[in-house]
Amino acid sequence: MLRSPSEMVVHYRETIGDVPPRLIGASITLGGQKLYLFGGSLASASETRLLSALYAFDLELLKWERIKPAPEDSVPNARYFHTADMWNNHLVVFGGLGARGNNAKSEQLQVLNDVRLFNISTRRWLPPARTPGLSPLTLVPRPRHTHLSCISSNRLLIIGGQDFFGERLDDVCVYDLGKKEWIQRQQYAPTLKHAFAATSQWHTRTPLPDAVATGPDGPPLPEPLSYSERVTNKSPSDIYIYSSDHPQRRLDVMSPLPNAEIQLKDSPVGASQPPSLHFPSGGILGNTLILAGNYPSENKDHLFFMWTLDLATNTWSPIDTGDSLKNGSWSTGFLWHSHSKLVVFGNRIGAFVDAANQLVLGWNEVAVVDLQALGIYQPPPLKMDEANQRLGLAALADGRRGDFDFLCEDGRRIHCRRKTIMERWPWFHEQQMRLMRMGDDPSTSIKHGKRTEITVTRTSCSLSQSYPVTMALLQYFYSMVLGTPLQRAPAVLSNLLLISTEFQIPHLQALVRHAMHLALSEATAAGVYEIAASCGCRSLQIR
């Protein structure tokens, strides 16, 4: 049976390996290409039974692995309703309801405020930090559970939560992960019954039109492509806190300041907004906030919803997945940032579980939502500043300092510097090294390619492409952007996608996909579909 385009953005897989049991209150955090699950309480137990187990889930192999702690490690107390984040290759665990001592079956629970780190490279738990002794007591957060947390640059933010007696804690506390001390605490009164916090390790920037690389003369420049820039302590990312408590949905924005203070501001939710979702989750990708969660309804239809918020226009839009997530039990969505995918754990058979207002998490099946197929992704980073882009394009246009030729299929030559191309094209660098090892004969050549044939010698490179495509390719190597009218022509972009795919130029491929997404229209759709299918770019093909 044919699937609709909306259903094609979702595919299902069963997980393998050491699949964790069904849990309540566990944390799960992305680190590289793996998700790390820690703690929780067994959902099948008749009484509270807490775990201190740590699992890793390989997102590419879809395989679970239980990580056994080293005998000499000080493993954190078993706990649930804690939080975990990723920082500098470390899993950062804070707080929660924990067992006293090592008795996971103990009915005597305690509320925690410890910060524990797990090094995912060495797979070792770091010793507990002597935080209370280093930080002023007024800055140390009260023990809590059911709170929110996130990391902005080198700082861990702990937001709200409840104490042992279920009383709401109205503050936000800041922990310096480098210094291992609490540095800020201020008032904040969120409603966190059904809420989540999201931030990004990237800023999305758009160059001003007059600051974009260009040649000395030519037609008007195309609209500049946005790019990504890493957050820093001096330029941290905003933190978005979404609360979906019925009937009032709320979006707060926290702006970390250099002095560790937090600037708070409300963001209007807008007229069109998501329903009141239980257990919301999601993240930020590019300029888009992704929201996913369960909506308990009487007729059991459309229980799992996904919405997006355009952070530039403050506009909410639902994600249409057709009938894909209509049935079954789906719980929490985790953003796989580098692949522009949302990974949702659950089961296609079963029903939404809301026992005692607690979400039971199952791990034996995943639904993977292709966000790039919806035009949601992180733009590629900028490799060269605007001034050097202009200098590079001017040097290519001048051509007098070139020591190497690119030969087009019509016989025309483009002069360039071999060193520049070698530094920015690993495949080309490898061919030049091979030629050097083959001897001193300058006529020795290497042929390669299927859809685009390339013949490389020490002094030239013959490319079975037209002059415009070859020039656009060299403009990229000299500027590391797609900023000229020639580079952004639809036919040229298609051929650049072919070249970047076949000859391993991932940054160029990402830029071409970015430009194609932005320029997609009825006039270009057929051509984009064909070339995307040819190059294996499924996300672009679906869109």
# chains A, B, ... in the order shown; residues from 1 in each chain; ligands from 1

$ select_by_dssp --residues "region 86-184 of chain A" --states "helix (DSSP H, G or I)" --output "JSON, numbers by chain"
{"A": [131, 132, 133, 134]}

$ residues_around --residues "Trp307 (chain A)" --least-positions-apart "5" --cutoff "6 Å" --atoms "only C-alpha atoms" --output "list of chain:residue names"
A:Leu291, A:Ser317, A:Pro318, A:Ile319

$ write_last_selection --atoms "C-alpha atoms" --output "JSON list (two decimals), in the first residue's frame"
[["chain", "number", "residue", "atom", "x", "y", "z"],
["A", 291, "LEU", "CA", 7.43, 19.85, 20.89],
["A", 317, "SER", "CA", 2.52, 24.56, 13.34],
["A", 318, "PRO", "CA", 1.50, 20.91, 13.77],
["A", 319, "ILE", "CA", 3.67, 18.15, 12.31]]

$ closest_atom_pairs --of "region 129-241 of chain A" --to "region 66-79 of chain A" --cutoff "12 Å" --atoms "only C-alpha atoms" --output "JSON lines"
{"residue": "A:Ala129", "atom": "CA", "partner": "A:Ser74", "partner_atom": "CA", "distance": 11.5}
{"residue": "A:Arg144", "atom": "CA", "partner": "A:Arg79", "partner_atom": "CA", "distance": 11.6}
{"residue": "A:His145", "atom": "CA", "partner": "A:Arg79", "partner_atom": "CA", "distance": 9.6}
{"residue": "A:Thr146", "atom": "CA", "partner": "A:Arg79", "partner_atom": "CA", "distance": 11.5}

$ atom_distance --atom1 "CA of Thr524 (chain A)" --atom2 "CA of Gly483 (chain A)"
19.2 Å

$ closest_atom_pairs --of "region 492-527 of chain A" --to "region 467-470 of chain A" --cutoff "8 Å" --atoms "only C-alpha atoms" --output "tab-separated table"
residue	atom	partner	partner_atom	distance
A:Val492	CA	A:Val469	CA	5.4
A:Asn495	CA	A:Val469	CA	6.8
A:Leu496	CA	A:Val469	CA	7.1

$ write_last_selection --atoms "C-alpha atoms" --output "PDB file, in the first residue's frame"
ATOM      1  CA  VAL A 492      24.447  24.077 -10.870  1.00  0.00           C
ATOM      2  CA  ASN A 495      25.566  18.969 -10.184  1.00  0.00           C
ATOM      3  CA  LEU A 496      27.310  20.188  -7.042  1.00  0.00           C
TER       4      LEU A 496
END

$ residues_around --residues "Thr444 (chain A)" --least-positions-apart "4" --cutoff "8 Å" --atoms "only C-alpha atoms" --output "list in words"
Leu435, Met438, Thr457 and Arg458 of chain A

$ residues_around --residues "Asp171 (chain A)" --least-positions-apart "5" --cutoff "6 Å" --atoms "only C-alpha atoms" --output "PyMOL selection string"
chain A and resi 160+186-188

$ residues_around --residues "Arg142 (chain A)" --least-positions-apart "4" --cutoff "9 Å" --atoms "only C-alpha atoms" --output "PyMOL selection string"
chain A and resi 111-113+163+169

$ write_last_selection --atoms "N, CA and C atoms" --output "CSV table (one decimal), in the first residue's frame"
chain,number,residue,atom,x,y,z
A,111,VAL,N,15.3,13.0,49.2
A,111,VAL,CA,15.4,13.9,48.1
A,111,VAL,C,16.8,14.4,48.0
A,112,LEU,N,17.4,14.4,46.7
A,112,LEU,CA,18.8,14.6,46.5
A,112,LEU,C,19.1,16.0,45.9
A,113,ASN,N,20.3,16.5,46.1
A,113,ASN,CA,20.7,17.7,45.4
A,113,ASN,C,22.2,17.5,44.9
A,163,ASP,N,10.0,19.6,46.7
A,163,ASP,CA,10.8,19.0,47.8
A,163,ASP,C,10.2,17.7,48.2
A,169,LEU,N,9.2,24.4,44.4
A,169,LEU,CA,10.3,25.2,44.6
A,169,LEU,C,10.4,26.2,43.5

$ residues_around --residues "Tyr529 (chain A)" --least-positions-apart "3" --cutoff "12 Å" --atoms "only C-alpha atoms" --output "JSON, numbers by chain"
{"A": [373, 494, 513, 516, 517, 520, 521, 522, 523, 524, 525, 526, 532, 533, 534, 535, 536, 537, 538, 539, 540, 541, 542, 543]}

$ write_last_selection --atoms "N, CA and C atoms" --output "CSV table (one decimal), in the first residue's frame"
chain,number,residue,atom,x,y,z
A,373,ALA,N,13.2,16.2,6.4
A,373,ALA,CA,12.2,16.1,5.3
A,373,ALA,C,11.0,17.1,5.5
A,494,SER,N,22.3,21.1,-8.5
A,494,SER,CA,22.1,19.7,-8.8
A,494,SER,C,23.4,19.0,-9.0
A,513,ARG,N,22.3,21.0,0.1
A,513,ARG,CA,21.0,20.6,0.6
A,513,ARG,C,20.3,21.8,1.3
A,516,MET,N,19.0,24.1,-1.5
A,516,MET,CA,17.9,23.5,-2.2
A,516,MET,C,16.6,23.5,-1.3
A,517,HIS,N,16.7,23.3,0.0
A,517,HIS,CA,15.6,23.4,0.8
A,517,HIS,C,14.9,24.8,0.7
A,520,LEU,N,13.3,25.5,-2.7
A,520,LEU,CA,12.3,24.6,-3.3
A,520,LEU,C,11.0,25.2,-3.6
A,521,SER,N,10.5,24.9,-4.8
A,521,SER,CA,9.3,25.5,-5.3
A,521,SER,C,8.6,24.5,-6.3
A,522,GLU,N,7.5,24.8,-6.8
A,522,GLU,CA,6.8,24.0,-7.8
A,522,GLU,C,7.7,23.8,-9.0
A,523,ALA,N,8.4,24.9,-9.4
A,523,ALA,CA,9.2,24.9,-10.6
A,523,ALA,C,10.4,24.0,-10.4
A,524,THR,N,11.0,23.9,-9.2
A,524,THR,CA,12.2,23.2,-9.0
A,524,THR,C,12.0,21.8,-8.4
A,525,ALA,N,10.8,21.5,-8.0
A,525,ALA,CA,10.5,20.3,-7.2
A,525,ALA,C,10.9,19.0,-8.0
A,526,ALA,N,10.5,18.9,-9.2
A,526,ALA,CA,10.8,17.7,-10.0
A,526,ALA,C,12.3,17.4,-10.1
A,532,ALA,N,18.0,14.3,-5.8
A,532,ALA,CA,18.0,13.8,-4.4
A,532,ALA,C,17.9,12.3,-4.4
A,533,ALA,N,17.1,11.7,-5.2
A,533,ALA,CA,17.0,10.2,-5.3
A,533,ALA,C,18.3,9.6,-5.8
A,534,SER,N,18.9,10.3,-6.8
A,534,SER,CA,20.1,9.8,-7.3
A,534,SER,C,21.3,9.8,-6.3
A,535,CYS,N,21.3,10.8,-5.4
A,535,CYS,CA,22.3,11.0,-4.5
A,535,CYS,C,22.0,10.4,-3.1
A,536,GLY,N,20.9,9.7,-3.0
A,536,GLY,CA,20.6,9.1,-1.7
A,536,GLY,C,20.2,10.1,-0.6
A,537,CYS,N,19.7,11.3,-1.0
A,537,CYS,CA,19.3,12.3,0.0
A,537,CYS,C,17.8,12.1,0.3
A,538,ARG,N,17.4,11.2,1.1
A,538,ARG,CA,16.0,10.8,1.3
A,538,ARG,C,15.2,11.9,1.8
A,539,SER,N,15.8,12.7,2.8
A,539,SER,CA,15.0,13.8,3.4
A,539,SER,C,14.6,14.8,2.4
A,540,LEU,N,15.5,15.2,1.5
A,540,LEU,CA,15.3,16.2,0.5
A,540,LEU,C,14.3,15.6,-0.6
A,541,GLN,N,14.4,14.3,-0.8
A,541,GLN,CA,13.5,13.6,-1.8
A,541,GLN,C,12.1,13.6,-1.3
A,542,ILE,N,11.9,13.3,0.0
A,542,ILE,CA,10.5,13.3,0.5
A,542,ILE,C,9.9,14.7,0.5
A,543,ARG,N,10.7,15.7,0.8
A,543,ARG,CA,10.1,17.0,0.9
A,543,ARG,C,9.7,17.5,-0.5

$ residues_around --residues "Lys447 (chain A)" --least-positions-apart "3" --cutoff "12 Å" --atoms "only C-alpha atoms" --output "number ranges by chain"
A: 428, 431, 434-435, 444, 450, 452-457, 461-464

$ atom_distance --atom1 "CA of Ser500 (chain A)" --atom2 "CA of Met436 (chain A)"
24.4 Å

$ select_by_dssp --residues "region 62-102 of chain A" --states "strand (DSSP E or B)" --output "compact mmCIF listing (two decimals) with C-alpha atoms, in the first residue's frame"
# COMPACT_ATOMS: atom_id res chain seq x y z
CA LYS A 63 21.12 -1.58 20.05
CA TRP A 64 20.92 -1.29 23.83
CA GLU A 65 23.94 -2.01 26.03
CA ARG A 66 24.01 -2.10 29.81
CA ILE A 67 27.15 -0.39 31.05
CA ARG A 79 16.93 7.34 41.97
CA TYR A 80 14.05 8.50 39.82
CA THR A 83 17.54 14.95 35.42
CA ALA A 84 20.56 14.23 33.23
CA ASP A 85 22.29 16.41 30.64
CA MET A 86 25.39 16.15 28.46
CA TRP A 87 28.42 18.41 28.88
CA HIS A 90 30.15 13.82 30.43
CA LEU A 91 26.71 12.77 31.57
CA VAL A 92 25.61 15.21 34.30
CA VAL A 93 23.06 13.81 36.77
CA PHE A 94 21.29 15.97 39.33
CA GLY A 95 18.85 15.39 42.17
CA GLY A 96 15.75 13.22 42.18
CA LEU A 97 14.10 10.92 44.68
CA GLY A 98 16.69 8.41 45.82
CA ALA A 99 17.00 5.37 48.00

$ closest_atom_pairs --of "region 371-436 of chain A" --to "region 333-338 of chain A" --cutoff "12 Å" --atoms "only C-alpha atoms" --output "CSV"
residue,atom,partner,partner_atom,distance
A:Leu371,CA,A:Leu335,CA,9.6
A:Gln372,CA,A:His337,CA,10.6
A:Ile376,CA,A:His337,CA,10.6
A:Tyr377,CA,A:His337,CA,8.1
A:Gln378,CA,A:His337,CA,7.8
A:Pro379,CA,A:Ser338,CA,10.6
A:Pro380,CA,A:Ser338,CA,10.5

$ write_last_selection --atoms "N, CA and C atoms" --output "PDB file, in the first residue's frame"
ATOM      1  N   LEU A 371      13.035  15.012  10.525  1.00  0.00           N
ATOM      2  CA  LEU A 371      12.691  16.433  10.583  1.00  0.00           C
ATOM      3  C   LEU A 371      13.207  17.196   9.371  1.00  0.00           C
ATOM      4  N   GLN A 372      14.333  16.755   8.797  1.00  0.00           N
ATOM      5  CA  GLN A 372      14.853  17.462   7.626  1.00  0.00           C
ATOM      6  C   GLN A 372      13.900  17.340   6.446  1.00  0.00           C
ATOM      7  N   ILE A 376      13.240  21.096   8.621  1.00  0.00           N
ATOM      8  CA  ILE A 376      13.753  21.472   9.939  1.00  0.00           C
ATOM      9  C   ILE A 376      15.123  20.824  10.119  1.00  0.00           C
ATOM     10  N   TYR A 377      16.161  21.618  10.254  1.00  0.00           N
ATOM     11  CA  TYR A 377      17.521  21.111  10.385  1.00  0.00           C
ATOM     12  C   TYR A 377      18.418  22.243  10.872  1.00  0.00           C
ATOM     13  N   GLN A 378      19.640  21.888  11.266  1.00  0.00           N
ATOM     14  CA  GLN A 378      20.625  22.879  11.683  1.00  0.00           C
ATOM     15  C   GLN A 378      21.450  23.276  10.466  1.00  0.00           C
ATOM     16  N   PRO A 379      21.497  24.573  10.112  1.00  0.00           N
ATOM     17  CA  PRO A 379      22.308  24.972   8.956  1.00  0.00           C
ATOM     18  C   PRO A 379      23.781  24.620   9.177  1.00  0.00           C
ATOM     19  N   PRO A 380      24.535  24.400   8.106  1.00  0.00           N
ATOM     20  CA  PRO A 380      25.961  24.087   8.253  1.00  0.00           C
ATOM     21  C   PRO A 380      26.712  25.251   8.896  1.00  0.00           C
TER      22      PRO A 380
END

$ atom_distance --atom1 "CA of His278 (chain A)" --atom2 "CA of Gly39 (chain A)"
21.3 Å

$ decode --residues "region 426-459 of chain A" --atoms "N, CA and C atoms" --output "PDB file, in the first residue's frame"
ATOM      1  N   PRO A 426      39.699  16.770   0.833  1.00  0.00           N
ATOM      2  CA  PRO A 426      40.493  15.606   1.236  1.00  0.00           C
ATOM      3  C   PRO A 426      40.686  14.582   0.124  1.00  0.00           C
ATOM      4  N   TRP A 427      39.641  14.323  -0.673  1.00  0.00           N
ATOM      5  CA  TRP A 427      39.775  13.347  -1.755  1.00  0.00           C
ATOM      6  C   TRP A 427      40.840  13.798  -2.745  1.00  0.00           C
ATOM      7  N   PHE A 428      40.842  15.066  -3.119  1.00  0.00           N
ATOM      8  CA  PHE A 428      41.827  15.598  -4.060  1.00  0.00           C
ATOM      9  C   PHE A 428      43.233  15.522  -3.455  1.00  0.00           C
ATOM     10  N   HIS A 429      43.349  15.820  -2.170  1.00  0.00           N
ATOM     11  CA  HIS A 429      44.642  15.732  -1.486  1.00  0.00           C
ATOM     12  C   HIS A 429      45.183  14.303  -1.559  1.00  0.00           C
ATOM     13  N   GLU A 430      44.315  13.334  -1.361  1.00  0.00           N
ATOM     14  CA  GLU A 430      44.733  11.931  -1.409  1.00  0.00           C
ATOM     15  C   GLU A 430      45.231  11.550  -2.799  1.00  0.00           C
ATOM     16  N   GLN A 431      44.564  12.034  -3.852  1.00  0.00           N
ATOM     17  CA  GLN A 431      45.001  11.712  -5.214  1.00  0.00           C
ATOM     18  C   GLN A 431      46.359  12.330  -5.522  1.00  0.00           C
ATOM     19  N   GLN A 432      46.578  13.554  -5.054  1.00  0.00           N
ATOM     20  CA  GLN A 432      47.874  14.194  -5.273  1.00  0.00           C
ATOM     21  C   GLN A 432      48.988  13.447  -4.548  1.00  0.00           C
ATOM     22  N   MET A 433      48.710  12.948  -3.353  1.00  0.00           N
ATOM     23  CA  MET A 433      49.709  12.166  -2.623  1.00  0.00           C
ATOM     24  C   MET A 433      50.003  10.854  -3.364  1.00  0.00           C
ATOM     25  N   ARG A 434      48.977  10.253  -3.931  1.00  0.00           N
ATOM     26  CA  ARG A 434      49.177   9.027  -4.709  1.00  0.00           C
ATOM     27  C   ARG A 434      50.060   9.295  -5.921  1.00  0.00           C
ATOM     28  N   LEU A 435      49.827  10.409  -6.595  1.00  0.00           N
ATOM     29  CA  LEU A 435      50.639  10.756  -7.765  1.00  0.00           C
ATOM     30  C   LEU A 435      52.097  10.965  -7.382  1.00  0.00           C
ATOM     31  N   MET A 436      52.342  11.575  -6.245  1.00  0.00           N
ATOM     32  CA  MET A 436      53.719  11.791  -5.802  1.00  0.00           C
ATOM     33  C   MET A 436      54.412  10.461  -5.529  1.00  0.00           C
ATOM     34  N   ARG A 437      53.674   9.501  -4.990  1.00  0.00           N
ATOM     35  CA  ARG A 437      54.272   8.192  -4.713  1.00  0.00           C
ATOM     36  C   ARG A 437      54.495   7.378  -5.982  1.00  0.00           C
ATOM     37  N   MET A 438      53.812   7.742  -7.067  1.00  0.00           N
ATOM     38  CA  MET A 438      53.914   6.978  -8.312  1.00  0.00           C
ATOM     39  C   MET A 438      55.110   7.385  -9.162  1.00  0.00           C
ATOM     40  N   GLY A 439      55.828   8.456  -8.772  1.00  0.00           N
ATOM     41  CA  GLY A 439      57.016   8.845  -9.510  1.00  0.00           C
ATOM     42  C   GLY A 439      57.008  10.302  -9.910  1.00  0.00           C
ATOM     43  N   ASP A 440      58.010  10.691 -10.720  1.00  0.00           N
ATOM     44  CA  ASP A 440      58.210  12.095 -11.070  1.00  0.00           C
ATOM     45  C   ASP A 440      57.598  12.484 -12.405  1.00  0.00           C
ATOM     46  N   ASP A 441      57.043  11.546 -13.141  1.00  0.00           N
ATOM     47  CA  ASP A 441      56.492  11.857 -14.460  1.00  0.00           C
ATOM     48  C   ASP A 441      55.246  12.734 -14.308  1.00  0.00           C
ATOM     49  N   PRO A 442      55.280  14.000 -14.786  1.00  0.00           N
ATOM     50  CA  PRO A 442      54.128  14.901 -14.621  1.00  0.00           C
ATOM     51  C   PRO A 442      52.905  14.471 -15.423  1.00  0.00           C
ATOM     52  N   SER A 443      53.099  13.578 -16.401  1.00  0.00           N
ATOM     53  CA  SER A 443      51.958  13.148 -17.214  1.00  0.00           C
ATOM     54  C   SER A 443      51.183  11.993 -16.580  1.00  0.00           C
ATOM     55  N   THR A 444      51.698  11.420 -15.497  1.00  0.00           N
ATOM     56  CA  THR A 444      50.991  10.340 -14.812  1.00  0.00           C
ATOM     57  C   THR A 444      49.636  10.838 -14.334  1.00  0.00           C
ATOM     58  N   SER A 445      48.614  10.025 -14.554  1.00  0.00           N
ATOM     59  CA  SER A 445      47.259  10.471 -14.210  1.00  0.00           C
ATOM     60  C   SER A 445      46.510   9.385 -13.447  1.00  0.00           C
ATOM     61  N   ILE A 446      45.465   9.819 -12.748  1.00  0.00           N
ATOM     62  CA  ILE A 446      44.553   8.928 -12.035  1.00  0.00           C
ATOM     63  C   ILE A 446      43.147   9.261 -12.487  1.00  0.00           C
ATOM     64  N   LYS A 447      42.409   8.230 -12.903  1.00  0.00           N
ATOM     65  CA  LYS A 447      41.027   8.437 -13.335  1.00  0.00           C
ATOM     66  C   LYS A 447      40.080   7.880 -12.278  1.00  0.00           C
ATOM     67  N   HIS A 448      38.987   8.586 -12.099  1.00  0.00           N
ATOM     68  CA  HIS A 448      38.023   8.179 -11.081  1.00  0.00           C
ATOM     69  C   HIS A 448      36.654   8.721 -11.447  1.00  0.00           C
ATOM     70  N   GLY A 449      35.625   8.072 -10.891  1.00  0.00           N
ATOM     71  CA  GLY A 449      34.278   8.618 -11.034  1.00  0.00           C
ATOM     72  C   GLY A 449      33.357   7.739 -11.835  1.00  0.00           C
ATOM     73  N   LYS A 450      32.079   7.824 -11.514  1.00  0.00           N
ATOM     74  CA  LYS A 450      31.039   7.104 -12.234  1.00  0.00           C
ATOM     75  C   LYS A 450      30.126   8.081 -12.954  1.00  0.00           C
ATOM     76  N   ARG A 451      29.431   8.912 -12.171  1.00  0.00           N
ATOM     77  CA  ARG A 451      28.548   9.897 -12.802  1.00  0.00           C
ATOM     78  C   ARG A 451      29.315  11.137 -13.227  1.00  0.00           C
ATOM     79  N   THR A 452      30.356  11.484 -12.482  1.00  0.00           N
ATOM     80  CA  THR A 452      31.252  12.578 -12.856  1.00  0.00           C
ATOM     81  C   THR A 452      32.652  12.002 -12.979  1.00  0.00           C
ATOM     82  N   GLU A 453      33.215  12.034 -14.188  1.00  0.00           N
ATOM     83  CA  GLU A 453      34.555  11.485 -14.402  1.00  0.00           C
ATOM     84  C   GLU A 453      35.600  12.561 -14.127  1.00  0.00           C
ATOM     85  N   ILE A 454      36.641  12.166 -13.404  1.00  0.00           N
ATOM     86  CA  ILE A 454      37.731  13.078 -13.078  1.00  0.00           C
ATOM     87  C   ILE A 454      39.048  12.404 -13.438  1.00  0.00           C
ATOM     88  N   THR A 455      39.893  13.140 -14.125  1.00  0.00           N
ATOM     89  CA  THR A 455      41.255  12.693 -14.413  1.00  0.00           C
ATOM     90  C   THR A 455      42.209  13.691 -13.774  1.00  0.00           C
ATOM     91  N   VAL A 456      43.030  13.207 -12.846  1.00  0.00           N
ATOM     92  CA  VAL A 456      43.898  14.086 -12.067  1.00  0.00           C
ATOM     93  C   VAL A 456      45.352  13.825 -12.427  1.00  0.00           C
ATOM     94  N   THR A 457      46.083  14.902 -12.717  1.00  0.00           N
ATOM     95  CA  THR A 457      47.536  14.847 -12.847  1.00  0.00           C
ATOM     96  C   THR A 457      48.126  15.826 -11.837  1.00  0.00           C
ATOM     97  N   ARG A 458      49.448  15.984 -11.876  1.00  0.00           N
ATOM     98  CA  ARG A 458      50.075  16.918 -10.936  1.00  0.00           C
ATOM     99  C   ARG A 458      49.781  18.373 -11.282  1.00  0.00           C
ATOM    100  N   THR A 459      49.421  18.620 -12.526  1.00  0.00           N
ATOM    101  CA  THR A 459      49.244  20.017 -12.947  1.00  0.00           C
ATOM    102  C   THR A 459      47.825  20.349 -13.372  1.00  0.00           C
TER     103      THR A 459
END
